[in-house]
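Source file: structure-v2.json; contents: JSON, C-alpha atoms and all ligand atoms.
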```
[["chain", "number", "residue", "atom", "x", "y", "z"],
["Y", 1, "MET", "CA", 3.87, 3.31, -6.78],
["Y", 2, "GLU", "CA", 7.13, 4.79, -5.56],
["Y", 3, "ILE", "CA", 8.65, 4.04, -2.13],
["Y", 4, "VAL", "CA", 11.11, 6.62, -0.81],
["Y", 5, "LEU", "CA", 13.12, 6.41, 2.41],
["Y", 6, "HIS", "CA", 13.49, 9.75, 4.20],
["Y", 7, "THR", "CA", 15.66, 10.44, 7.23],
["Y", 8, "SER", "CA", 15.21, 13.31, 9.67],
["Y", 9, "PRO", "CA", 14.89, 16.23, 9.58],
["Y", 10, "PHE", "CA", 11.65, 15.81, 7.68],
["Y", 11, "SER", "CA", 10.27, 18.73, 5.71],
["Y", 12, "VAL", "CA", 7.30, 20.66, 7.08],
["Y", 13, "SER", "CA", 5.24, 19.78, 4.01],
["Y", 14, "LEU", "CA", 5.98, 16.04, 4.40],
["Y", 15, "GLY", "CA", 5.04, 16.30, 8.09],
["Y", 16, "ALA", "CA", 1.71, 17.93, 7.21],
["Y", 17, "GLU", "CA", 0.90, 15.30, 4.56],
["Y", 18, "LEU", "CA", 1.83, 12.49, 6.94],
["Y", 19, "LEU", "CA", -0.33, 13.92, 9.69],
["Y", 20, "ALA", "CA", -3.34, 14.06, 7.36],
["Y", 21, "LEU", "CA", -2.84, 10.42, 6.33],
["Y", 22, "ALA", "CA", -2.13, 9.25, 9.88],
["Y", 23, "LYS", "CA", -5.34, 10.93, 11.10],
["Y", 24, "GLU", "CA", -7.29, 9.15, 8.38],
["Y", 25, "ILE", "CA", -5.88, 5.76, 9.43],
["Y", 26, "PHE", "CA", -5.73, 6.31, 13.21],
["Y", 27, "THR", "CA", -8.85, 8.22, 14.17],
["Y", 28, "SER", "CA", -7.68, 8.81, 17.75],
["Y", 29, "LEU", "CA", -4.17, 9.92, 16.81],
["Y", 30, "ASP", "CA", -2.32, 11.92, 19.46],
["Y", 31, "GLU", "CA", -1.15, 14.87, 17.33],
["Y", 32, "HIS", "CA", 1.26, 16.17, 19.95],
["Y", 33, "LYS", "CA", 2.97, 12.78, 20.23],
["Y", 34, "PHE", "CA", 3.03, 12.47, 16.45],
["Y", 35, "PHE", "CA", 4.95, 15.74, 15.99],
["Y", 36, "ASP", "CA", 7.14, 14.93, 18.96],
["Y", 37, "ARG", "CA", 8.26, 11.68, 17.31],
["Y", 38, "LEU", "CA", 8.54, 13.36, 13.92],
["Y", 39, "ALA", "CA", 10.91, 15.94, 15.38],
["Y", 40, "ARG", "CA", 13.39, 13.35, 16.64],
["Y", 41, "PRO", "CA", 16.87, 13.77, 15.13],
["Y", 42, "ASP", "CA", 17.22, 10.03, 14.42],
["Y", 43, "GLY", "CA", 14.04, 9.31, 12.52],
["Y", 44, "LEU", "CA", 13.51, 7.26, 9.40],
["Y", 45, "MET", "CA", 10.42, 7.20, 7.28],
["Y", 46, "ALA", "CA", 9.45, 4.98, 4.38],
["Y", 47, "VAL", "CA", 6.82, 6.73, 2.29],
["Y", 48, "ALA", "CA", 4.72, 5.37, -0.58],
["Y", 49, "ALA", "CA", 3.28, 7.86, -3.02],
["Y", 50, "LYS", "CA", 1.50, 7.80, -6.34],
["Y", 51, "ASP", "CA", 0.97, 10.87, -8.54],
["Y", 52, "GLY", "CA", 2.06, 13.07, -5.65],
["Y", 53, "ARG", "CA", -0.50, 11.57, -3.23],
["Y", 54, "LEU", "CA", 0.66, 9.69, -0.12],
["Y", 55, "ALA", "CA", -0.59, 6.12, 0.00],
["Y", 56, "GLY", "CA", 1.27, 4.81, 3.04],
["Y", 57, "PHE", "CA", 4.10, 5.33, 5.46],
["Y", 58, "LYS", "CA", 6.22, 3.55, 8.06],
["Y", 59, "MET", "CA", 7.91, 5.64, 10.67],
["Y", 60, "GLY", "CA", 10.69, 4.64, 13.04],
["Y", 61, "TYR", "CA", 13.67, 5.94, 14.94],
["Y", 62, "ARG", "CA", 16.88, 4.79, 16.56],
["Y", 63, "GLU", "CA", 16.28, 3.17, 19.94],
["Y", 64, "SER", "CA", 19.86, 2.07, 20.61],
["Y", 65, "ASP", "CA", 23.09, 1.28, 18.75],
["Y", 66, "THR", "CA", 21.62, -2.07, 17.72],
["Y", 67, "THR", "CA", 17.90, -1.41, 17.45],
["Y", 68, "VAL", "CA", 15.44, 0.66, 15.45],
["Y", 69, "TYR", "CA", 11.98, 1.16, 16.91],
["Y", 70, "SER", "CA", 9.27, 1.08, 14.27],
["Y", 71, "TRP", "CA", 6.64, 3.34, 15.80],
["Y", 72, "LEU", "CA", 3.76, 3.87, 13.42],
["Y", 73, "GLY", "CA", 2.72, 2.88, 9.95],
["Y", 74, "GLY", "CA", -0.24, 2.33, 7.74],
["Y", 75, "VAL", "CA", -1.59, 2.21, 4.22],
["Y", 76, "ARG", "CA", -4.52, 4.31, 2.97],
["Y", 77, "PRO", "CA", -7.60, 2.00, 2.97],
["Y", 78, "ASP", "CA", -8.12, 2.19, -0.81],
["Y", 79, "PHE", "CA", -4.52, 1.05, -1.43],
["Y", 80, "ARG", "CA", -4.55, -1.98, 0.89],
["Y", 81, "GLY", "CA", -4.12, -5.57, -0.18],
["Y", 82, "HIS", "CA", -1.66, -4.87, -2.99],
["Y", 83, "GLY", "CA", 1.62, -5.50, -1.21],
["Y", 84, "LEU", "CA", 2.31, -1.92, -0.15],
["Y", 85, "GLY", "CA", 2.57, -2.68, 3.57],
["Y", 86, "GLN", "CA", 5.12, -5.35, 2.72],
["Y", 87, "ARG", "CA", 7.11, -3.00, 0.47],
["Y", 88, "LEU", "CA", 7.22, -0.30, 3.15],
["Y", 89, "MET", "CA", 8.51, -2.83, 5.66],
["Y", 90, "ASP", "CA", 11.10, -4.14, 3.18],
["Y", 91, "ALA", "CA", 12.35, -0.58, 2.54],
["Y", 92, "GLN", "CA", 12.62, 0.14, 6.26],
["Y", 93, "HIS", "CA", 14.47, -3.10, 7.00],
["Y", 94, "ALA", "CA", 16.85, -2.67, 4.06],
["Y", 95, "HIS", "CA", 17.75, 0.80, 5.36],
["Y", 96, "CYS", "CA", 18.27, -0.55, 8.90],
["Y", 97, "ARG", "CA", 20.54, -3.35, 7.65],
["Y", 98, "ALA", "CA", 22.56, -0.94, 5.51],
["Y", 99, "HIS", "CA", 23.09, 1.27, 8.58],
["Y", 100, "GLY", "CA", 24.35, -1.53, 10.80],
["Y", 101, "TYR", "CA", 21.29, -2.13, 12.95],
["Y", 102, "ARG", "CA", 20.72, -5.69, 14.17],
["Y", 103, "TYR", "CA", 17.12, -5.56, 15.35],
["Y", 104, "VAL", "CA", 13.82, -3.90, 14.57],
["Y", 105, "LYS", "CA", 11.41, -3.59, 17.46],
["Y", 106, "THR", "CA", 7.74, -2.70, 17.22],
["Y", 107, "LYS", "CA", 4.59, -2.64, 19.29],
["Y", 108, "THR", "CA", 1.04, -3.37, 18.26],
["Y", 109, "MET", "CA", -2.33, -4.50, 19.56],
["Y", 110, "ASN", "CA", -4.74, -7.32, 18.74],
["Y", 111, "ARG", "CA", -7.07, -4.88, 16.98],
["Y", 112, "TRP", "CA", -4.34, -4.03, 14.45],
["Y", 113, "ARG", "CA", -4.53, -7.63, 13.30],
["Y", 114, "ALA", "CA", -3.34, -7.11, 9.70],
["Y", 115, "MET", "CA", -0.14, -5.49, 10.98],
["Y", 116, "LEU", "CA", 0.30, -8.23, 13.58],
["Y", 117, "ILE", "CA", 0.05, -10.86, 10.84],
["Y", 118, "LEU", "CA", 2.37, -8.89, 8.55],
["Y", 119, "ASN", "CA", 4.92, -8.63, 11.37],
["Y", 120, "LEU", "CA", 4.77, -12.35, 12.21],
["Y", 121, "LYS", "CA", 5.01, -13.26, 8.53],
["Y", 122, "ASN", "CA", 8.19, -11.18, 8.30],
["Y", 123, "GLY", "CA", 10.05, -12.91, 11.09],
["Y", 124, "PHE", "CA", 9.12, -10.80, 14.12],
["Y", 125, "ASP", "CA", 8.82, -12.72, 17.40],
["Y", 126, "ILE", "CA", 6.46, -11.68, 20.18],
["Y", 127, "THR", "CA", 8.74, -10.98, 23.13],
["Y", 128, "GLN", "CA", 6.33, -9.44, 25.64],
["Y", 129, "THR", "CA", 2.74, -8.42, 26.21],
["Y", 130, "TYR", "CA", 1.38, -6.05, 28.84],
["Y", 131, "LEU", "CA", -1.76, -4.15, 29.75],
["Y", 132, "SER", "CA", -1.49, -0.42, 29.12],
["Y", 133, "ALA", "CA", -2.81, 2.15, 31.60],
["Y", 134, "ASN", "CA", -6.11, 2.30, 29.67],
["Y", 135, "GLY", "CA", -6.51, -1.49, 29.76],
["Y", 136, "GLU", "CA", -5.37, -2.32, 26.23],
["Y", 137, "GLN", "CA", -3.23, -5.39, 25.60],
["Y", 138, "LYS", "CA", 0.04, -4.28, 24.01],
["Y", 139, "ILE", "CA", 2.24, -6.69, 22.07],
["Y", 140, "ILE", "CA", 5.98, -6.10, 21.70],
["Y", 141, "LEU", "CA", 7.72, -7.77, 18.77],
["Y", 142, "ILE", "CA", 11.38, -7.95, 17.76],
["Y", 143, "LYS", "CA", 12.94, -9.08, 14.51],
["Y", 144, "PRO", "CA", 16.64, -9.88, 14.16],
["Y", 145, "LEU", "CA", 17.97, -8.46, 10.89],
["Y", 146, "THR", "CA", 19.98, -11.15, 9.20],
["J", 1, "LIG", "C1", -1.26, -3.41, 8.11],
["J", 1, "LIG", "C2", -1.32, -2.68, 6.80],
["J", 1, "LIG", "C3", -0.24, -1.62, 6.75],
["J", 1, "LIG", "C4", -1.10, -3.70, 5.66],
["J", 1, "LIG", "O1", -1.01, -2.97, 4.44],
["J", 1, "LIG", "P1", -1.30, -3.66, 3.04],
["J", 1, "LIG", "O2", -0.66, -2.84, 1.99],
["J", 1, "LIG", "O3", -2.75, -3.94, 2.89],
["J", 1, "LIG", "O4", -0.51, -5.05, 3.24],
["J", 1, "LIG", "P2", 0.05, -6.00, 2.09],
["J", 1, "LIG", "O5", -0.88, -5.99, 0.94],
["J", 1, "LIG", "O6", 1.47, -5.67, 1.84],
["J", 1, "LIG", "O7", -0.05, -7.42, 2.82],
["J", 1, "LIG", "C5", 1.12, -8.16, 3.15],
["J", 1, "LIG", "C6", 0.70, -9.34, 4.01],
["J", 1, "LIG", "O8", 0.17, -8.89, 5.25],
["J", 1, "LIG", "C7", -0.91, -9.77, 5.65],
["J", 1, "LIG", "N1", -2.17, -9.00, 5.66],
["J", 1, "LIG", "C8", -2.35, -7.75, 5.18],
["J", 1, "LIG", "N2", -3.62, -7.37, 5.39],
["J", 1, "LIG", "C9", -4.25, -8.40, 6.00],
["J", 1, "LIG", "C10", -5.57, -8.61, 6.49],
["J", 1, "LIG", "N3", -6.52, -7.67, 6.39],
["J", 1, "LIG", "N4", -5.84, -9.79, 7.10],
["J", 1, "LIG", "C11", -4.91, -10.74, 7.21],
["J", 1, "LIG", "N5", -3.62, -10.60, 6.76],
["J", 1, "LIG", "C12", -3.31, -9.45, 6.17],
["J", 1, "LIG", "C13", -0.97, -10.87, 4.62],
["J", 1, "LIG", "O9", -0.14, -11.91, 5.08],
["J", 1, "LIG", "C14", -0.38, -10.19, 3.41],
["J", 1, "LIG", "O10", 0.22, -11.07, 2.50],
["J", 1, "LIG", "P3", -0.68, -11.83, 1.41],
["J", 1, "LIG", "O11", -1.46, -10.75, 0.70],
["J", 1, "LIG", "O12", 0.34, -12.50, 0.57],
["J", 1, "LIG", "O13", -1.56, -12.75, 2.17],
["J", 1, "LIG", "C15", -2.73, -2.04, 6.58],
["J", 1, "LIG", "O14", -3.72, -3.02, 6.74],
["J", 1, "LIG", "C16", -3.03, -0.90, 7.51],
["J", 1, "LIG", "O15", -2.66, 0.24, 7.25],
["J", 1, "LIG", "N6", -3.73, -1.21, 8.61],
["J", 1, "LIG", "C17", -4.16, -0.16, 9.56],
["J", 1, "LIG", "C18", -3.01, 0.46, 10.26],
["J", 1, "LIG", "C19", -2.30, -0.47, 11.22],
["J", 1, "LIG", "O16", -2.77, -1.52, 11.58],
["J", 1, "LIG", "N7", -1.15, 0.00, 11.66],
["J", 1, "LIG", "C20", -0.40, -0.67, 12.65],
["J", 1, "LIG", "C21", -0.66, -0.11, 14.00],
["J", 1, "LIG", "S1", 0.52, -0.75, 15.14]]
```

What would the structure in this file look like if it were written as structure tokens?
Amino acid sequence: MEIVLHTSPFSVSLGAELLALAKEIFTSLDEHKFFDRLARPDGLMAVAAKDGRLAGFKMGYRESDTTVYSWLGGVRPDFRGHGLGQRLMDAQHAHCRAHGYRYVKTKTMNRWRAMLILNLKNGFDITQTYLSANGEQKIILIKPLT
């Protein structure tokens, strides 16, 4: 399995492949928001692929001089449990460190429990929780990059 780190602008074909995978993982994906984030000029994307097929991704973008916001990520169900989520996170954090960022920030929810555990295991701290407009508990996490 190969992990590649892409920075924006992302190719149209990569965008289309990512959308297909993201829709498979997140059944209620907001497509407009997805392309909006993908079109940002400061994006970074760790992508895992095998034999030309996407197996997972982790997408983020610059939030400030010090901080990258890790927006969305996931691993195709049939590839889970083999360390790919960890490798995608490692690739993203290595890129952030190499580019002088000091923090990675992310947001999740209790129902994305595997990602919550993965984040906590990797040194993220919960810094805030709040109820979203549709009544879902959101969890903000920040990790200092040392
Ligand atoms: C979260 C996700 C990316 C993990 O991918 P993965 O490739 O299966 O993860 P890994 O195999 O690298 O697991 C790394 C660690 O994460 C934790 N973890 C992963 N899946 C877990 C699960 N189902 N339950 C508990 N812990 C889990 C474990 O600590 C694991 O380490 P271990 O295997 O040594 O115990 C994957 O489950 C996924 O795509 N989930 C749906 C999408 C999602 O939740 N996105 C986040 C929305 S904010």

Inset, instruction - Quick one: everything within 10 Å of segment 65-72 of chain Y, counting all atoms listed in the file, minus sequence neighbours fewer than 5 positions away in the same chain. Send it as a PyMOL selection string. - result: chain Y and resi 22+26+34+37+42-45+57-60+89+92-93+96+99-108+142-145

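Proximity ranking of Y:Arg62, Y:His95, Y:Lys138, Y:Arg40 relative to ligand LIG 1 (chain J) places Y:Lys138 first, based on only C-alpha atoms and all ligand atoms.
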
Inset, instruction - Taking the point (3.1, -0.5, -1.4) as given in the file, collect each protein or nucleic acid residue that comes within 7 Å of it, counting all atoms listed in the file, and present the set as a PyMOL selection string. - result: chain Y and resi 1+48+82-88

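Between ligand LIG 1 (chain J) and the candidates Y:Asn122, Y:Ser13, Y:Ser64, Y:Ser8, the tightest atom-to-atom separation, counting all atoms listed in the file, involves Y:Asn122.
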
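For the atom pair formed by atom N5 of ligand LIG 1 (chain J) and atom CA of Thr27 of chain Y, the distance is 20.9 Å, given to one decimal.
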
Legend entry - Nearest candidate to ligand LIG 1 (chain J) (options Y:Arg111, Y:Arg97, Y:Lys23, Y:Arg80; using all atoms listed in the file): Y:Arg80

Inset, instruction - Mind giving me the straight-line distance from atom C7 of ligand LIG 1 (chain J) to atom CA of Leu141 of chain Y in Å, one decimal? - result: 15.8 Å

Expected axis-aligned box over every listed atom of segment 74-86 of chain Y, 6 Å added per side, centre plus edges in Å to one decimal, as lines of an AutoDock Vina configuration file:
```
center_x = -1.5
center_y = -0.6
center_z = 2.4
size_x = 25.2
size_y = 21.9
size_z = 22.7
```

Legend entry - Residue nearest Trp112 of chain Y - candidates Y:Gly52, Y:Pro9, Y:Gly73, Y:Gly15, atoms counted: all atoms listed in the file: Y:Gly73

Inset, instruction - Please measure the separation of atom C21 of ligand LIG 1 (chain J) and atom CA of Met115 of chain Y, giving the value in Å to one decimal. - result: 6.2 Å

Would you fill the gaps in segment 58-77 of chain Y so it has N, CA and C atoms, then print it as a PDB file, in the frame of the given file?
```pdb
ATOM      1  N   LYS Y  58       5.737   4.355   6.935  1.00  0.00           N
ATOM      2  CA  LYS Y  58       6.220   3.550   8.060  1.00  0.00           C
ATOM      3  C   LYS Y  58       7.301   4.362   8.738  1.00  0.00           C
ATOM      4  N   MET Y  59       7.059   4.682   9.979  1.00  0.00           N
ATOM      5  CA  MET Y  59       7.910   5.640  10.670  1.00  0.00           C
ATOM      6  C   MET Y  59       8.635   4.966  11.838  1.00  0.00           C
ATOM      7  N   GLY Y  60       9.934   5.210  11.932  1.00  0.00           N
ATOM      8  CA  GLY Y  60      10.690   4.640  13.040  1.00  0.00           C
ATOM      9  C   GLY Y  60      11.805   5.570  13.466  1.00  0.00           C
ATOM     10  N   TYR Y  61      12.522   5.155  14.481  1.00  0.00           N
ATOM     11  CA  TYR Y  61      13.670   5.940  14.940  1.00  0.00           C
ATOM     12  C   TYR Y  61      14.628   5.044  15.705  1.00  0.00           C
ATOM     13  N   ARG Y  62      15.842   5.550  15.880  1.00  0.00           N
ATOM     14  CA  ARG Y  62      16.880   4.790  16.560  1.00  0.00           C
ATOM     15  C   ARG Y  62      16.520   4.622  18.033  1.00  0.00           C
ATOM     16  N   GLU Y  63      16.524   3.379  18.511  1.00  0.00           N
ATOM     17  CA  GLU Y  63      16.280   3.170  19.940  1.00  0.00           C
ATOM     18  C   GLU Y  63      17.598   2.975  20.695  1.00  0.00           C
ATOM     19  N   SER Y  64      18.545   2.299  20.024  1.00  0.00           N
ATOM     20  CA  SER Y  64      19.860   2.070  20.610  1.00  0.00           C
ATOM     21  C   SER Y  64      20.835   1.821  19.463  1.00  0.00           C
ATOM     22  N   ASP Y  65      22.100   1.554  19.797  1.00  0.00           N
ATOM     23  CA  ASP Y  65      23.090   1.280  18.750  1.00  0.00           C
ATOM     24  C   ASP Y  65      22.675   0.108  17.864  1.00  0.00           C
ATOM     25  N   THR Y  66      21.951  -0.848  18.458  1.00  0.00           N
ATOM     26  CA  THR Y  66      21.620  -2.070  17.720  1.00  0.00           C
ATOM     27  C   THR Y  66      20.203  -2.068  17.150  1.00  0.00           C
ATOM     28  N   THR Y  67      19.335  -1.214  17.683  1.00  0.00           N
ATOM     29  CA  THR Y  67      17.900  -1.410  17.450  1.00  0.00           C
ATOM     30  C   THR Y  67      17.177  -0.163  16.930  1.00  0.00           C
ATOM     31  N   VAL Y  68      16.357  -0.381  15.911  1.00  0.00           N
ATOM     32  CA  VAL Y  68      15.440   0.660  15.450  1.00  0.00           C
ATOM     33  C   VAL Y  68      14.052   0.334  15.978  1.00  0.00           C
ATOM     34  N   TYR Y  69      13.358   1.344  16.465  1.00  0.00           N
ATOM     35  CA  TYR Y  69      11.980   1.160  16.910  1.00  0.00           C
ATOM     36  C   TYR Y  69      11.043   1.638  15.809  1.00  0.00           C
ATOM     37  N   SER Y  70      10.228   0.737  15.317  1.00  0.00           N
ATOM     38  CA  SER Y  70       9.270   1.080  14.270  1.00  0.00           C
ATOM     39  C   SER Y  70       7.981   1.494  14.967  1.00  0.00           C
ATOM     40  N   TRP Y  71       7.696   2.796  14.944  1.00  0.00           N
ATOM     41  CA  TRP Y  71       6.640   3.340  15.800  1.00  0.00           C
ATOM     42  C   TRP Y  71       5.251   3.257  15.190  1.00  0.00           C
ATOM     43  N   LEU Y  72       5.110   3.740  13.966  1.00  0.00           N
ATOM     44  CA  LEU Y  72       3.760   3.870  13.420  1.00  0.00           C
ATOM     45  C   LEU Y  72       3.791   3.694  11.909  1.00  0.00           C
ATOM     46  N   GLY Y  73       2.792   3.019  11.397  1.00  0.00           N
ATOM     47  CA  GLY Y  73       2.720   2.880   9.950  1.00  0.00           C
ATOM     48  C   GLY Y  73       1.335   2.472   9.516  1.00  0.00           C
ATOM     49  N   GLY Y  74       1.049   2.742   8.273  1.00  0.00           N
ATOM     50  CA  GLY Y  74      -0.240   2.330   7.740  1.00  0.00           C
ATOM     51  C   GLY Y  74      -0.334   2.630   6.259  1.00  0.00           C
ATOM     52  N   VAL Y  75      -1.333   2.025   5.648  1.00  0.00           N
ATOM     53  CA  VAL Y  75      -1.590   2.210   4.220  1.00  0.00           C
ATOM     54  C   VAL Y  75      -3.020   2.743   4.086  1.00  0.00           C
ATOM     55  N   ARG Y  76      -3.198   3.728   3.214  1.00  0.00           N
ATOM     56  CA  ARG Y  76      -4.520   4.310   2.970  1.00  0.00           C
ATOM     57  C   ARG Y  76      -5.483   3.169   2.596  1.00  0.00           C
ATOM     58  N   PRO Y  77      -6.698   3.142   3.183  1.00  0.00           N
ATOM     59  CA  PRO Y  77      -7.600   2.000   2.970  1.00  0.00           C
ATOM     60  C   PRO Y  77      -7.772   1.592   1.510  1.00  0.00           C
TER      61      PRO Y  77
END
```
